[in-house]
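The structure under discussion appears below in the form of structure tokens.
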Amino acid sequence: MARTPQRSALRDLREIASDLRQSRDLLTQLTLRDIRVRYKQAAFGFAWALVIPVTIVLAGLAVRAAISYASGHPLETRQLARMAVKSIPWAFYVGCIGAGTASLVGSITLVTKIYFPREVLPIAACLAQSFDSAIGVIAVALLLPFLHVHASMQLLWVPLLAALLWIFAAATALFLSCANLFFRDVKYMVQVFLSFGIFFTPVLVDAPMFGPRFAPIIMLNPVAPLLEGLRLAVVDNHNLLTPVVSQPGAWVSWHPWYLAYSATWAILGLILAALFFHRSERRFALYV
Amino acid sequence: MSDARIVFDQVWMKFHRGETHDSLRDLIPALVRKALRRGPSATDLGEDDFWALHDLSFDVAPGQVLGIIGSNGSGKSTTLRILTKILEPTRGRCEISGRVGALIEVSAGFHGDLTGRENVFLQGAIMGLRSKEIARKFDEIVAFAGIESFIDTQVKRYSSGMNARLGFSIAAHMDPDVLIIDEVLAVGDYVFQERAFGRISDLATSGIPVVVVSHQLDRIAQLCTHAILLERGVPVFRGAPEDVIAAYVQPRVDAAGSTSSSEPPRGAGHVSFRSVRIASGDAVRSGEWCEVRIDGSVNSPLPATVDPVVVRVRSLTSGRVVFLSGVRQLGTDVPAAGSFSACIELQANLVAGNYLVEVIAVDTLAHREIAQSPAVMLRVSDPGTFRGTAQLNARIRFDDPVQARAS
């Protein structure tokens, strides 16, 4: 009895959605577990959540100081604000990937002995990371007024951008956790990415600073438009529906299509990753 | 009473022996090698594959308790993992309707850094309970496990017994439609084991379908309504728990190869048995007499080396034979050819427990069993008048003090 691939995929997606809905409590408990374990015996408590973003900003300061010396332009507080705003989402994404990749392999006893929808493991890792990043968001929000950044209506873009980033992070976590279970060296490749991805993403620098030749390549990174969008909306108070062009005929450094591009990556990525995960689930216990 | 059922339909499970390629660094050269080799196409069984389960089918209806027994490597855990949806059968299907309660690996989800309280909610959620349910039953769960004073201590400081008891307690408070139990009956001290077994019995007799896997044969005998014996993945015998246990603890010699306990004359050659029963009822007080009736027939003149009626009593707790004797050893006259009906009187000088009673015919020269009757279970009870390994029917009398001084 042949089934068209379309219908079967839809049925799988509905199954995944209903599985997750039924496992709400489990998702909550696993997220709580990850959060509690992180902070149980930590001397600094919740301040640990800020360590990575602060390190990113300090690293960015070092890089930007070098650039400003080489280019002769002094470092502005605006640039510091931009880095601070982008460090939180990047730390979030990196944290989700790191925790998500290890989530299945780290719970091997659970995976081989008790049945529950395995999707909850990488998703709980992302939710736990969200908690950490929420602390970072609060810290940045408190910091921005001191950097002469004012609130504006454009802050309304932030929930949308955050949601898209979350969706993309969940998709990556689902895919990588599954791949890591089957091929254990995926985690090494992920480590390399985590360490060096920051150079290929506009976190420490803004996309236009790459110049008209390399900036379009950088913007192909699905995370780039989301980070740039956050920067434009929060720090530069720019309406994301309006394109940004430094001079007529030059490279368009922002266009709403960039946002659509990231949104497509995020949503399509989540659907494909969820399907891939769900269909591989039955082989987890055999290959773990 | 729901109509939840467990259905196993012609299930086969294939596993792969040896290394799987679990890194890309190994996989890519292996793929290249496979492409270059161009060997025979894939058949059912690759080089290192083996069947862990061969065509296993069973059906458990509400109220039935199925026991699965077998030696290590017989496919019991594989069956359980298919039942709990951790594995998918290579062929065939497994269907369970309703909420599955699994008493398997009950502390698997515990995280050492969290307290007992936090772990109760975590493990409960992993097993499928809702947080509200857990909150409602929390006090009960903790009281059952007996760790009230340690519930807010981190689990990494618990002893393994406390871990196991807490895990079992959480699982035992589920309200499932279908219950699957694996070797969780062996945790904790004697008092806890009795309490745990009582709880499992309550769940098992509450009218839901239950599947039990255990090496504790007397528990299987007590709980199950029917049983299956697995040997290297093949279901070799199924039927009443006593018969399946008997088949497990000794190799079956039956030449006719019957697999049902309800079949008439078993055995081959000189002697065959038709039926065996304990006429005095299957429960007896320790130290009292019971009567076993055996019906059979002597099919041909008996040589002197054949003992046609040998009674064998085996303890289900230890699996060992506690008594074996036959007509030749006792010096009784053997029956002539034709049907016979015999009465075997036994004094049950045994410790309380469950015992399997069988009658066999033995070729004493070849040390072989040539016929076997079905097994019946004898339950020996004792109101606690003694402990140990044998009932010696002790009587203690004090001498009269006047007589003692005079002598």
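The way I read the labels, and the way they are meant: chains A, B, ... in the order of the structure tokens, residue 1 as the first residue of every chain, and ligand 1 as the first ligand shown, with later ones counted on from there.
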
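Residue-level DSSP output for segment 128-278 of chain A, from the backbone, shows strand (DSSP E) at Val244, Val245, Val252, Ser253 and Trp254 of chain A.
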
### Task
Would you give me, as an MDAnalysis selection string, the residues of chain A that come within 10 Å of chain B, using only C-alpha atoms?
chainID A and resid 22:34 36:38 40:41 107:117 179:186 281:288

### Query
Neighbours of Tyr248 of chain B within 9 Å (only C-alpha atoms; same-chain residues fewer than 5 positions away dropped), as a ChimeraX atom specification?
/B:69-71,229-230,237,243

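Picture a line from atom CA of Asp182 of chain B to atom CA of Arg314 of chain B; it runs 24.4 Å.
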
### Task
Determine which residues of segment 272-330 of chain B receive a DSSP assignment of alpha helix (DSSP H), computed from the backbone, and state them as number ranges by chain.
B: 327-330

Keeping C-alpha atoms for every residue in the selection just given, could you write it to a file as a tab-separated table (two decimals), in the first residue's frame?
```tsv
chain	number	residue	atom	x	y	z
B	327	VAL	CA	9.54	-48.16	43.85
B	328	ARG	CA	12.79	-50.08	43.31
B	329	GLN	CA	14.61	-48.05	45.98
B	330	LEU	CA	11.78	-48.42	48.45
```
